[in-house]
Each structure stands twice: as C-alpha cells, then as structure tokens.
Amino acid sequence: MKPGIRGHKIVGSTYLKGLCVVALCLWTGVVVAQELVGPKADTHVGPLRIGIALPFHAKSKKANPLTDAMLDYYLGIKLGFSELEAEGFQANVSVWDTEPTDSLPLNKLALAAIVKSDNFKDQQILIGPVYEENFKSIAQHSELVWKTTPSAWISPMSYVKPGMSKDKGPYPNMNFFINDTLRYKSVAKNIVGMFPKHRICIVIDADKNSKVKGGMYKLVMQKLTTKLVTIHVLKNGVLTPALPKRDSLVMASCIPDATVRVALEKLLEKRQQSWLVADLGWFEDKRYYSGLNDPLCIYPTVNFTDFHDQATLDFSRKFFSTYGFEPSRFGFIGYDQGKFLGYSSMAFGPGFLSALPDATYEGLINSIHFKTGGTAPFNDGIRFIIIYEDTPHLFTAE
C-alpha cells in the first residue's frame with residue numbers, strides 16, 4: 001500500500017499560491033534497469049532522504065516576491081519527483097523555511113532550529129538554501145553535527161563559492177547556476193562543440209572588459225580545437241584584421257552592445273554556413289530582437305522555454321491542472337532539477353557526483369551539464385537560441 005502525503009502546510013502567509021507541505025510522499029516502485037556504469041544505491045536502505053531548505057517567507061506580514069518564486073520552484077521539483085515514481089524513484093522529502101519572517105533576528109533563530117533537527121542532520125541530498133550567507137550560517141553552525149553528511153549539497157538558484165562544512169567537505173558541492181566568468185567559458189566551450197570544423201573569429205572592441213573576455217574565449221577554444229582561432233577588433237563598423245575570405249565561419253561576439261549585430265551580420269550575408277554567436281547578454285536585451293527575422297545570429301542564454309516543444313506545453317498544462325495556476329520560470333527550473341536529480345540518483349545513488357557521465361541533460365528550460373573535477377562540480381550548460389520571424393527557437397547544430 002502506498003502511503004499518502006505526510007506533513008502540513010507552511011503557515012502564516014496570505015501570499016502562498018498553493019499548499020506547501022513539510023513532507024512529500026514516500027514513493028515506492030521498482031527501479032528501472034540502467035545501462036550506465038557506476039555506484040548504485042543499495043536497494044535495501046529504503047527511499048532517498050532529500051531535504052529542501054528555501055526562503056519561503058511563510059510568516060511574513062508583507063508580500064514578498066520570493067514567496068511565489070520559491071513555492072513555484074518547490075512545486076516544480078515536487079511534480080518532477082512524482083512523475084519519476086512510475087520509473088522506480090523512491091524518496092522521502094522534507095522541507096524547511098530558512099527565512100519564515102521579515103525579521104532578521106527571527107530568521108537567525110529559524111536557521112538555528114533547523115540545524116538542531118535530527119531530520120535535517122540525516123539528509124543524503126540537500127537542496128538549498130539560496131543565499132551564500134545562509135549556507136555559511138547553516139554549514140558552520142556549532143550545533144550542526146551530521147548524522148549523514150549529504151552526498152550532494154546543492155545551491156539551486158545562485159552561484160555560491162564553496163566553503164567548508166564543519167571540516168567535512170565543501171558546501172555547496174553542486175551549483176546549478178554559475179558566475180559570469182564560468183558562464184562565458186561555457187559559451188566558448190560550446191561554440192567549439194557546435195562548430196568543430198568551422199574557422200572561429202572572436203570579435204571585440206576597445207573596451208577593457210571586451211578584451212579580457214575575448215582573451216578568455218581564445219584560451220578556452222584553443223584548448224579544444226586544432227582549427228585557427230583569431231581575435232578581431234571592431235571599430236566604426238570595420239574589423240581589424242579583416243575576416244578571412246572563406247565560408248564556414250563563426251564570429252563570436254564579446255561586445256555587450258547588441259546594436260553591433262547588424263554590422264556584423266552584413267559581413268556574413270554572402271558566406272555559406274556562417275554564423276554570428278551573440279554576446280551572452282544580447283538575448284536578455286529585448287530591444288534588439290523584437291520584430292526580427294534573424295537566422296544568422298545564435299543567442300546564448302541560461303533559461304529559455306521553447307513553447308514549440310510539446311513536452312513544455314504538456315508540463316504547463318499538468319502544472320496548471322495540479323496546482324491551479326500557470327508555472328513561472330521557477331516552476332520549470334524546479335522541474336528540470338528534480339528530474340535530473342531523480343534520474344542521477346536512480347542510476348548512481350546519492351553519491352552520483354563522482355559517476356556522472358560527460359553528457360548534457362536537456363530539460364524544459366535548462367541544459368544541465370555538470371563540469372566535474374575539483375571539489376565542487378558546477379552546471380555549465382547553456383541554451384542556444386535562434387530567432388525566426390520574432391519567434392525564438394532552440395538552436396540545434398547540424
């Protein structure tokens with residue numbers, strides 16, 4: 001017999017959009033056989049113990065936009081976990097509110113209560129908190145003595161520089177989002193992966209940051225390809241040195257000003273199989289892609305929901321029918337992370353970090369690829385978008 005939901009809602013807020021339970025279902029089922037090789041979970045130890053610690057602000061007296069974002073994320077991850085039940089996923093999930101009120105002193109007391117909880121000290125996978133200061137407050141708290149040190153302690157929504165957790169390892173040891181420097185390195189790496197046979201020309205301007213970024217691109221790219229990689233400076237619409245006279249060319253822009261797109265695309269109009277890869281910020285600046293039919297430019301971005309994808313539409317409908325409102329991007333993010341964590345744990349157990357293959361999980365809104373090695377793997381997945389007649393689509397390399 002499958003037990004029902006155990007727990008109670010987070011109380012005190014009039015701004016919660018749905019029921020946020022303290023414990024999820026204890027799911028049962030048969031684990032589907034996996035072809036991947038690596039350490040597997042011991043089937044006799046019972047369901048995974050997963051903790052989620054997020055700033056719900058459940059007892060806040062004022063409306064807080066974080067409440068909706070955190071709840072959407074939680075409901076998305078809950079929906080992802082529940083879908084995996086049919087494939088054999090088993091988990092006992094506990095939830096804590098790291099910032100229940102508007103009061104900093106009361107929130108510190110809440111964190112102190114969390115670290116004293118025997119249940120908190122016995123989680124195999126721990127998701128959250130969100131803020132770096134809360135990570136430090138929890139991980140270095142004098143009352144925290146782990147029963148089971150989490151195999152995966154995850155920062156779900158922001159990059160948190162790894163630190164030490166009571167001398168027992170780094171926190172977090174997984175970052176789903178990364179800082180700008182790592183993200184630009186990821187863009188450079190993925191350009192080479194998408195176009196391994198193309199000549200790559202990096203475009204910069206006179207700005208110091210543009211030069212630094214261009215140098216970073218070149219360093220990353222030269223480690224990954226035997227093809228020539230060159231840097232070109234744009235001034236008054238002219239590139240120095242000029243582009244090579246050939247087809248199959250990729251220009252990688254390291255200029256944050258999106259208005260240079262028009263001049264750069266003109267240089268590619270008569271070249272076959274040639275592309276302009278935008279600076280990372282261009283896609284977020286909607287002034288410069290509204291009304292476009294822009295098949296020459298590929299826009300890198302972090303979160304992108306392609307509503308031409310049937311799976312995306314199905315998720316939106318299921319989320320609405322389950323919870324009564326449309327998912328925000330945080331609902332999609334939670335769902336993607338939940339499915340990724342669930343599949344990884346089913347294949348390799350809670351210590352899946354040491355066994356992840358060099359592959360990308362394509363979620364509904366995020367591409368998840370963990371760069372392993374060192375003490376704290378991080379997700380360097382990037383989405384690449386192309387815009388046809390003002391309608392962005394995911395770019396698929398040929």
# chains A, B, ... in the order shown; residues from 1 in each chain; ligands from 1
$ select_by_dssp --residues "segment 112-229 of chain A" --states "strand (DSSP E or B)" --output "NGL selection string"
:A and (125-127 or 152-155 or 163-164 or 170-171 or 174-175 or 199-204 or 229)
$ residues_around --residues "His141 of chain A" --least-positions-apart "2" --cutoff "10 Å" --atoms "only C-alpha atoms" --output "ChimeraX atom specification"
/A:111-112,115-116,135-139,143-145,165-166
$ residues_around --residues "segment 299-313 of chain A" --least-positions-apart "4" --cutoff "6 Å" --atoms "only C-alpha atoms" --output "ChimeraX atom specification"
/A:278,280,283,364-366,382-385
$ residues_around --residues "segment 210-217 of chain A" --least-positions-apart "3" --cutoff "6 Å" --atoms "only C-alpha atoms" --output "ChimeraX atom specification"
/A:188,204,207,220,254-255
$ write_last_selection --atoms "all heavy atoms" --output "mmCIF file, in the first residue's frame"
data_model
loop_
_atom_site.group_PDB
_atom_site.id
_atom_site.type_symbol
_atom_site.label_atom_id
_atom_site.label_comp_id
_atom_site.auth_asym_id
_atom_site.auth_seq_id
_atom_site.Cartn_x
_atom_site.Cartn_y
_atom_site.Cartn_z
ATOM 1 N N ALA A 188 32.134 29.721 -24.700
ATOM 2 C CA ALA A 188 33.275 29.480 -25.583
ATOM 3 C C ALA A 188 33.451 27.988 -25.861
ATOM 4 O O ALA A 188 33.673 27.573 -27.007
ATOM 5 C CB ALA A 188 34.543 30.059 -24.965
ATOM 6 N N ILE A 204 35.936 41.694 -30.701
ATOM 7 C CA ILE A 204 35.977 42.547 -29.512
ATOM 8 C C ILE A 204 35.960 44.008 -29.952
ATOM 9 O O ILE A 204 36.045 44.310 -31.141
ATOM 10 C CB ILE A 204 37.232 42.274 -28.658
ATOM 11 C CG1 ILE A 204 38.500 42.659 -29.426
ATOM 12 C CG2 ILE A 204 37.291 40.811 -28.227
ATOM 13 C CD1 ILE A 204 39.774 42.602 -28.595
ATOM 14 N N ASP A 207 36.901 48.312 -25.512
ATOM 15 C CA ASP A 207 36.615 48.259 -24.083
ATOM 16 C C ASP A 207 37.477 47.200 -23.386
ATOM 17 O O ASP A 207 37.692 46.104 -23.919
ATOM 18 C CB ASP A 207 35.135 47.941 -23.866
ATOM 19 C CG ASP A 207 34.762 47.914 -22.401
ATOM 20 O OD1 ASP A 207 34.642 48.985 -21.797
ATOM 21 O OD2 ASP A 207 34.600 46.796 -21.851
ATOM 22 N N VAL A 220 40.185 29.318 -23.993
ATOM 23 C CA VAL A 220 39.327 28.133 -23.867
ATOM 24 C C VAL A 220 39.240 27.392 -25.189
ATOM 25 O O VAL A 220 39.388 26.165 -25.260
ATOM 26 C CB VAL A 220 37.917 28.537 -23.388
ATOM 27 C CG1 VAL A 220 36.950 27.354 -23.482
ATOM 28 C CG2 VAL A 220 37.968 29.061 -21.961
ATOM 29 N N CYS A 254 32.189 39.349 -28.370
ATOM 30 C CA CYS A 254 32.485 39.638 -26.964
ATOM 31 C C CYS A 254 32.208 41.106 -26.670
ATOM 32 O O CYS A 254 32.862 41.718 -25.824
ATOM 33 C CB CYS A 254 33.940 39.287 -26.649
ATOM 34 S SG CYS A 254 34.294 37.537 -26.722
ATOM 35 N N ILE A 255 31.230 41.662 -27.393
ATOM 36 C CA ILE A 255 30.851 43.063 -27.233
ATOM 37 C C ILE A 255 29.444 43.115 -26.645
ATOM 38 O O ILE A 255 28.504 42.598 -27.249
ATOM 39 C CB ILE A 255 30.882 43.800 -28.589
ATOM 40 C CG1 ILE A 255 32.277 43.683 -29.220
ATOM 41 C CG2 ILE A 255 30.486 45.262 -28.422
ATOM 42 C CD1 ILE A 255 32.366 44.241 -30.627
#
$ atom_distance --atom1 "atom CA of Ala113 of chain A" --atom2 "atom CA of Lys147 of chain A"
16.1 Å
$ atom_distance --atom1 "atom CA of Met157 of chain A" --atom2 "atom CA of Glu362 of chain A"
17.4 Å
$ residues_around --residues "Asp380 of chain A" --least-positions-apart "2" --cutoff "8 Å" --atoms "only C-alpha atoms" --output "ChimeraX atom specification"
/A:177-178,182-183,186,368-371,378,382
$ residues_around --residues "Leu296 of chain A" --least-positions-apart "5" --cutoff "9 Å" --atoms "only C-alpha atoms" --output "PyMOL selection string"
chain A and resi 265+268-269+274-277+386-387
$ write_last_selection --atoms "C-alpha atoms" --output "short mmCIF file (atom, residue, chain, number, x, y, z; two decimals), in the first residue's frame"
data_model
loop_
_atom_site.label_atom_id
_atom_site.label_comp_id
_atom_site.auth_asym_id
_atom_site.auth_seq_id
_atom_site.Cartn_x
_atom_site.Cartn_y
_atom_site.Cartn_z
CA GLU A 265 25.70 40.14 -39.83
CA LEU A 268 28.31 37.18 -43.21
CA GLU A 269 25.48 37.69 -45.71
CA SER A 274 28.40 31.03 -41.39
CA TRP A 275 27.05 32.29 -38.09
CA LEU A 276 27.28 35.11 -35.58
CA VAL A 277 27.19 33.97 -31.92
CA ILE A 386 17.88 31.35 -32.99
CA ILE A 387 15.07 33.77 -33.88
#
$ atom_distance --atom1 "atom CA of Glu389 of chain A" --atom2 "atom CA of Ile298 of chain A"
13.9 Å
$ residues_around --residues "Gly80 of chain A" --least-positions-apart "5" --cutoff "7 Å" --atoms "only C-alpha atoms" --output "PyMOL selection string"
chain A and resi 335+338-339
$ closest_atom_pairs --of "segment 306-358 of chain A" --to "segment 82-101 of chain A" --cutoff "12 Å" --atoms "only C-alpha atoms" --output "CSV"
residue,atom,partner,partner_atom,distance
A:Phe315,CA,A:Glu83,CA,10.8
A:Lys318,CA,A:Glu83,CA,10.8
A:Phe319,CA,A:Glu83,CA,11.8
A:Thr322,CA,A:Ser82,CA,11.6
A:Tyr335,CA,A:Glu83,CA,10.0
A:Asp336,CA,A:Glu83,CA,11.8
A:Gly338,CA,A:Leu84,CA,9.3
A:Lys339,CA,A:Leu84,CA,7.4
A:Phe340,CA,A:Leu84,CA,10.4
A:Leu341,CA,A:Phe89,CA,10.4
A:Gly342,CA,A:Phe89,CA,6.7
A:Tyr343,CA,A:Leu84,CA,8.0
A:Ser344,CA,A:Phe89,CA,10.4
A:Ser345,CA,A:Phe89,CA,8.5
A:Met346,CA,A:Phe89,CA,6.5
A:Ala347,CA,A:Phe89,CA,10.1
A:Gly349,CA,A:Phe89,CA,10.9
A:Pro350,CA,A:Ala91,CA,10.9
$ write_last_selection --atoms "N, CA, C and O atoms" --output "mmCIF file, in the first residue's frame"
data_model
loop_
_atom_site.group_PDB
_atom_site.id
_atom_site.type_symbol
_atom_site.label_atom_id
_atom_site.label_comp_id
_atom_site.auth_asym_id
_atom_site.auth_seq_id
_atom_site.Cartn_x
_atom_site.Cartn_y
_atom_site.Cartn_z
ATOM 1 N N PHE A 315 3.859 20.049 -19.771
ATOM 2 C CA PHE A 315 4.192 20.388 -18.387
ATOM 3 C C PHE A 315 3.345 21.552 -17.889
ATOM 4 O O PHE A 315 2.840 21.529 -16.761
ATOM 5 N N LYS A 318 -0.096 20.319 -17.128
ATOM 6 C CA LYS A 318 -0.134 19.465 -15.942
ATOM 7 C C LYS A 318 0.062 20.282 -14.675
ATOM 8 O O LYS A 318 -0.592 20.042 -13.654
ATOM 9 N N PHE A 319 0.973 21.255 -14.712
ATOM 10 C CA PHE A 319 1.190 22.123 -13.563
ATOM 11 C C PHE A 319 -0.097 22.879 -13.223
ATOM 12 O O PHE A 319 -0.496 22.967 -12.053
ATOM 13 N N THR A 322 -2.749 20.599 -11.775
ATOM 14 C CA THR A 322 -2.395 20.104 -10.442
ATOM 15 C C THR A 322 -2.507 21.191 -9.381
ATOM 16 O O THR A 322 -3.028 20.945 -8.283
ATOM 17 N N TYR A 335 11.367 21.790 -11.827
ATOM 18 C CA TYR A 335 11.042 20.545 -12.519
ATOM 19 C C TYR A 335 12.282 19.947 -13.179
ATOM 20 O O TYR A 335 12.563 18.745 -13.038
ATOM 21 N N ASP A 336 13.036 20.795 -13.892
ATOM 22 C CA ASP A 336 14.261 20.300 -14.553
ATOM 23 C C ASP A 336 15.239 19.732 -13.534
ATOM 24 O O ASP A 336 15.813 18.650 -13.736
ATOM 25 N N GLY A 338 14.607 18.637 -10.506
ATOM 26 C CA GLY A 338 14.055 17.444 -9.885
ATOM 27 C C GLY A 338 14.236 16.207 -10.747
ATOM 28 O O GLY A 338 14.635 15.144 -10.263
ATOM 29 N N LYS A 339 13.956 16.338 -12.051
ATOM 30 C CA LYS A 339 14.121 15.190 -12.943
ATOM 31 C C LYS A 339 15.589 14.786 -13.050
ATOM 32 O O LYS A 339 15.938 13.595 -13.034
ATOM 33 N N PHE A 340 16.477 15.784 -13.147
ATOM 34 C CA PHE A 340 17.910 15.491 -13.240
ATOM 35 C C PHE A 340 18.402 14.777 -11.985
ATOM 36 O O PHE A 340 19.101 13.754 -12.065
ATOM 37 N N LEU A 341 18.050 15.298 -10.818
ATOM 38 C CA LEU A 341 18.480 14.676 -9.560
ATOM 39 C C LEU A 341 17.885 13.286 -9.402
ATOM 40 O O LEU A 341 18.558 12.360 -8.924
ATOM 41 N N GLY A 342 16.627 13.136 -9.790
ATOM 42 C CA GLY A 342 15.988 11.841 -9.670
ATOM 43 C C GLY A 342 16.639 10.781 -10.549
ATOM 44 O O GLY A 342 16.965 9.689 -10.091
ATOM 45 N N TYR A 343 16.837 11.117 -11.819
ATOM 46 C CA TYR A 343 17.471 10.162 -12.728
ATOM 47 C C TYR A 343 18.906 9.839 -12.284
ATOM 48 O O TYR A 343 19.334 8.676 -12.331
ATOM 49 N N SER A 344 19.651 10.869 -11.866
ATOM 50 C CA SER A 344 21.036 10.636 -11.443
ATOM 51 C C SER A 344 21.086 9.728 -10.220
ATOM 52 O O SER A 344 21.928 8.818 -10.143
ATOM 53 N N SER A 345 20.197 9.954 -9.266
ATOM 54 C CA SER A 345 20.174 9.140 -8.050
ATOM 55 C C SER A 345 19.728 7.718 -8.344
ATOM 56 O O SER A 345 20.232 6.764 -7.736
ATOM 57 N N MET A 346 18.773 7.549 -9.256
ATOM 58 C CA MET A 346 18.333 6.205 -9.617
ATOM 59 C C MET A 346 19.453 5.400 -10.268
ATOM 60 O O MET A 346 19.577 4.196 -10.072
ATOM 61 N N ALA A 347 20.285 6.102 -11.054
ATOM 62 C CA ALA A 347 21.368 5.406 -11.751
ATOM 63 C C ALA A 347 22.556 5.124 -10.846
ATOM 64 O O ALA A 347 23.151 4.039 -10.900
ATOM 65 N N GLY A 349 22.843 6.343 -7.220
ATOM 66 C CA GLY A 349 22.693 6.561 -5.784
ATOM 67 C C GLY A 349 22.957 8.006 -5.412
ATOM 68 O O GLY A 349 23.267 8.850 -6.261
ATOM 69 N N PRO A 350 22.846 8.349 -4.113
ATOM 70 C CA PRO A 350 23.018 9.742 -3.690
ATOM 71 C C PRO A 350 24.414 10.292 -3.950
ATOM 72 O O PRO A 350 24.588 11.510 -4.034
#
$ select_by_dssp --residues "segment 166-314 of chain A" --states "alpha helix (DSSP H)" --output "PyMOL selection string"
chain A and resi 180-194+208-222+261-266+310-314
$ closest_residue --among "A:Thr372, A:Tyr388, A:Lys78, A:Gly381" --to "Lys189 of chain A" --atoms "only C-alpha atoms"
A:Gly381
$ closest_residue --among "A:Ala152, A:Leu219, A:Val160, A:Leu228" --to "Lys185 of chain A" --atoms "only C-alpha atoms"
A:Leu219
$ closest_residue --among "A:Thr225, A:Gln124, A:Ser354, A:Asn379" --to "Ile50 of chain A" --atoms "only C-alpha atoms"
A:Gln124
